[in-house]
file target.json (JSON, C-alpha atoms)
[["chain", "number", "residue", "atom", "x", "y", "z"],
["T", 289, "MET", "CA", -25.54, 29.66, -30.33],
["T", 290, "PHE", "CA", -22.90, 29.88, -27.58],
["T", 291, "CYS", "CA", -20.43, 27.85, -29.70],
["T", 292, "LEU", "CA", -20.86, 30.21, -32.65],
["T", 293, "ILE", "CA", -20.18, 33.25, -30.48],
["T", 294, "GLY", "CA", -17.01, 31.65, -29.09],
["T", 295, "LEU", "CA", -15.85, 30.68, -32.57],
["T", 296, "TYR", "CA", -16.54, 34.20, -33.85],
["T", 297, "ALA", "CA", -14.51, 35.69, -31.00],
["T", 298, "GLN", "CA", -11.60, 33.35, -31.73],
["T", 299, "VAL", "CA", -11.62, 34.19, -35.45],
["T", 300, "ALA", "CA", -11.86, 37.91, -34.71],
["T", 301, "SER", "CA", -8.87, 37.72, -32.39],
["T", 302, "LEU", "CA", -6.84, 35.85, -35.03],
["T", 303, "MET", "CA", -7.51, 38.65, -37.52],
["T", 304, "GLN", "CA", -5.95, 41.30, -35.26],
["T", 305, "VAL", "CA", -2.33, 40.33, -35.90],
["T", 306, "SER", "CA", 0.46, 42.88, -35.84],
["T", 307, "GLU", "CA", 3.55, 40.68, -36.15],
["T", 308, "LYS", "CA", 4.52, 37.20, -37.24],
["T", 309, "LYS", "CA", 7.75, 35.47, -36.32],
["T", 310, "LEU", "CA", 9.15, 32.29, -37.87],
["T", 311, "VAL", "CA", 9.31, 29.58, -35.19],
["T", 312, "GLY", "CA", 9.73, 26.36, -37.17],
["T", 313, "ARG", "CA", 9.30, 24.14, -40.19],
["T", 314, "VAL", "CA", 7.14, 21.07, -40.83],
["T", 315, "THR", "CA", 9.23, 17.95, -41.48],
["T", 316, "HIS", "CA", 6.45, 15.34, -41.56],
["T", 317, "TYR", "CA", 2.66, 15.02, -41.34],
["T", 318, "PHE", "CA", 0.64, 12.11, -39.94],
["T", 319, "GLN", "CA", -2.65, 12.40, -41.85],
["T", 320, "LYS", "CA", -4.68, 9.83, -39.87],
["T", 321, "ILE", "CA", -4.15, 11.60, -36.55],
["T", 322, "GLY", "CA", -3.73, 15.18, -37.84],
["T", 323, "VAL", "CA", -0.29, 15.75, -36.32],
["T", 324, "ALA", "CA", 2.59, 17.71, -37.82],
["T", 325, "VAL", "CA", 6.21, 17.11, -36.85],
["T", 326, "VAL", "CA", 7.82, 20.53, -36.47],
["T", 327, "GLU", "CA", 11.49, 21.41, -35.98],
["T", 328, "LEU", "CA", 11.53, 24.59, -33.89],
["T", 329, "THR", "CA", 13.85, 27.57, -34.29],
["T", 330, "ASP", "CA", 12.18, 29.56, -31.50],
["T", 331, "GLU", "CA", 10.04, 28.98, -28.39],
["T", 332, "LEU", "CA", 6.42, 27.86, -28.77],
["T", 333, "ARG", "CA", 3.79, 27.55, -26.02],
["T", 334, "VAL", "CA", 0.36, 26.01, -25.71],
["T", 335, "GLY", "CA", -2.05, 28.93, -26.24],
["T", 336, "ASP", "CA", 0.12, 30.69, -28.84],
["T", 337, "VAL", "CA", -1.58, 31.67, -32.08],
["T", 338, "ILE", "CA", 0.27, 30.30, -35.11],
["T", 339, "SER", "CA", 0.06, 30.51, -38.89],
["T", 340, "ILE", "CA", 1.18, 27.59, -41.04],
["T", 341, "GLU", "CA", 2.09, 28.66, -44.55],
["T", 342, "GLY", "CA", 3.36, 26.95, -47.66],
["T", 343, "THR", "CA", 2.74, 26.61, -51.37],
["T", 344, "THR", "CA", -0.77, 25.24, -50.85],
["T", 345, "THR", "CA", -1.13, 25.69, -47.08],
["T", 346, "ASN", "CA", -2.35, 28.84, -45.34],
["T", 347, "PHE", "CA", -4.29, 28.75, -42.07],
["T", 348, "GLN", "CA", -4.14, 30.01, -38.49],
["T", 349, "GLN", "CA", -4.90, 28.22, -35.26],
["T", 350, "VAL", "CA", -4.29, 28.27, -31.53],
["T", 351, "VAL", "CA", -1.72, 25.75, -30.28],
["T", 352, "GLU", "CA", -3.85, 23.36, -28.23],
["T", 353, "SER", "CA", -1.59, 20.31, -27.94],
["T", 354, "MET", "CA", 2.14, 19.61, -28.32],
["T", 355, "GLN", "CA", 4.17, 16.52, -27.53],
["T", 356, "ILE", "CA", 7.79, 15.43, -27.36],
["T", 357, "GLU", "CA", 8.36, 11.65, -27.32],
["T", 358, "HIS", "CA", 4.60, 11.05, -26.72],
["T", 359, "LYS", "CA", 4.55, 13.28, -23.60],
["T", 360, "ASN", "CA", 2.39, 16.41, -23.45],
["T", 361, "ILE", "CA", 4.34, 19.63, -23.01],
["T", 362, "GLU", "CA", 3.34, 23.24, -22.38],
["T", 363, "VAL", "CA", 6.53, 24.91, -23.72],
["T", 364, "ALA", "CA", 8.92, 23.83, -26.47],
["T", 365, "LYS", "CA", 12.35, 25.39, -26.98],
["T", 366, "PRO", "CA", 14.46, 26.16, -30.04],
["T", 367, "GLY", "CA", 16.01, 22.95, -31.36],
["T", 368, "ASP", "CA", 13.12, 20.75, -30.15],
["T", 369, "THR", "CA", 11.26, 18.52, -32.59],
["T", 370, "ILE", "CA", 7.61, 18.40, -31.56],
["T", 371, "GLY", "CA", 4.37, 16.75, -32.52],
["T", 372, "LEU", "CA", 1.78, 19.48, -33.08],
["T", 373, "LYS", "CA", -1.94, 18.77, -33.41],
["T", 374, "VAL", "CA", -3.18, 20.71, -36.45],
["T", 375, "LYS", "CA", -6.69, 21.46, -37.69],
["T", 376, "GLU", "CA", -5.88, 21.17, -41.41],
["T", 377, "ARG", "CA", -3.53, 19.18, -43.61],
["T", 378, "VAL", "CA", 0.05, 20.46, -43.74],
["T", 379, "ARG", "CA", 2.99, 19.53, -45.94],
["T", 380, "GLU", "CA", 6.71, 19.02, -45.47],
["T", 381, "LYS", "CA", 8.62, 22.31, -45.67],
["T", 382, "ASP", "CA", 5.58, 24.40, -44.64],
["T", 383, "LEU", "CA", 6.66, 27.23, -42.35],
["T", 384, "VAL", "CA", 5.23, 27.83, -38.87],
["T", 385, "PHE", "CA", 4.92, 31.43, -37.67],
["T", 386, "LYS", "CA", 3.93, 32.68, -34.21],
["T", 387, "LEU", "CA", 1.44, 35.55, -34.46],
["T", 388, "SER", "CA", 1.25, 38.35, -31.92],
["T", 389, "ARG", "CA", -1.58, 40.81, -31.36],
["T", 390, "PRO", "CA", -1.22, 44.58, -31.12]]

call {"tool": "encode", "arguments": {"input": "target.json", "output": "structure tokens"}}
result
Amino acid sequence: MFCLIGLYAQVASLMQVSEKKLVGRVTHYFQKIGVAVVELTDELRVGDVISIEGTTTNFQQVVESMQIEHKNIEVAKPGDTIGLKVKERVREKDLVFKLSRP
């Protein structure tokens, strides 16, 4: 029961979005490990809420894990190419948006 309440709270918070800002683009996806390679155009932090959108892709998630050169990072800067753990399949050229709450 506790897990369902936590999941409900997370979903409810994702639905209260007032702004989305483009922060990067998917350049590759490793299906076996569920990791997207993303070229960033803006800063991204662990804990940020993101939306990944494309022709057949459309989901939101919290950034839980990012890496550069197999090392965990908390903050990635514009121009960085990162490995981003994703909860669903993504495709090359999908866009990554950072969502902000009101």

call {"tool": "atom_distance", "arguments": {"input": "target.json", "atom1": "atom CA of T:Val314", "atom2": "atom CA of T:Lys359"}}
result
19.1 Å

call {"tool": "atom_distance", "arguments": {"input": "target.json", "atom1": "atom CA of T:Ile340", "atom2": "atom CA of T:Arg379"}}
result
9.6 Å

call {"tool": "closest_residue", "arguments": {"input": "target.json", "among": "T:Val323, T:Ala364, T:Glu307, T:Arg313", "to": "T:Gly342", "atoms": "all atoms listed in the file"}}
result
T:Arg313

call {"tool": "residues_around", "arguments": {"input": "target.json", "residues": "stretch 343-352 of chain T", "least_positions_apart": "2", "cutoff": "12 Å", "atoms": "all atoms listed in the file", "output": "short mmCIF file (atom, residue, chain, number, x, y, z; two decimals) with C-alpha atoms, keeping the file's coordinate frame"}}
result
data_model
loop_
_atom_site.label_atom_id
_atom_site.label_comp_id
_atom_site.auth_asym_id
_atom_site.auth_seq_id
_atom_site.Cartn_x
_atom_site.Cartn_y
_atom_site.Cartn_z
CA LEU T 295 -15.85 30.68 -32.57
CA GLN T 298 -11.60 33.35 -31.73
CA VAL T 299 -11.62 34.19 -35.45
CA ALA T 300 -11.86 37.91 -34.71
CA SER T 301 -8.87 37.72 -32.39
CA LEU T 302 -6.84 35.85 -35.03
CA MET T 303 -7.51 38.65 -37.52
CA GLN T 304 -5.95 41.30 -35.26
CA VAL T 305 -2.33 40.33 -35.90
CA LYS T 308 4.52 37.20 -37.24
CA VAL T 314 7.14 21.07 -40.83
CA VAL T 323 -0.29 15.75 -36.32
CA ALA T 324 2.59 17.71 -37.82
CA LEU T 332 6.42 27.86 -28.77
CA ARG T 333 3.79 27.55 -26.02
CA VAL T 334 0.36 26.01 -25.71
CA GLY T 335 -2.05 28.93 -26.24
CA ASP T 336 0.12 30.69 -28.84
CA VAL T 337 -1.58 31.67 -32.08
CA ILE T 338 0.27 30.30 -35.11
CA SER T 339 0.06 30.51 -38.89
CA ILE T 340 1.18 27.59 -41.04
CA GLU T 341 2.09 28.66 -44.55
CA MET T 354 2.14 19.61 -28.32
CA GLN T 355 4.17 16.52 -27.53
CA ASN T 360 2.39 16.41 -23.45
CA ILE T 361 4.34 19.63 -23.01
CA GLU T 362 3.34 23.24 -22.38
CA VAL T 363 6.53 24.91 -23.72
CA ALA T 364 8.92 23.83 -26.47
CA ILE T 370 7.61 18.40 -31.56
CA GLY T 371 4.37 16.75 -32.52
CA LEU T 372 1.78 19.48 -33.08
CA LYS T 373 -1.94 18.77 -33.41
CA VAL T 374 -3.18 20.71 -36.45
CA LYS T 375 -6.69 21.46 -37.69
CA GLU T 376 -5.88 21.17 -41.41
CA ARG T 377 -3.53 19.18 -43.61
CA VAL T 378 0.05 20.46 -43.74
CA ARG T 379 2.99 19.53 -45.94
CA GLU T 380 6.71 19.02 -45.47
CA LYS T 381 8.62 22.31 -45.67
CA ASP T 382 5.58 24.40 -44.64
CA LEU T 383 6.66 27.23 -42.35
CA VAL T 384 5.23 27.83 -38.87
CA PHE T 385 4.92 31.43 -37.67
CA LYS T 386 3.93 32.68 -34.21
CA LEU T 387 1.44 35.55 -34.46
CA SER T 388 1.25 38.35 -31.92
#

call {"tool": "atom_distance", "arguments": {"input": "target.json", "atom1": "atom CA of T:Lys365", "atom2": "atom CA of T:Lys320"}}
result
26.4 Å
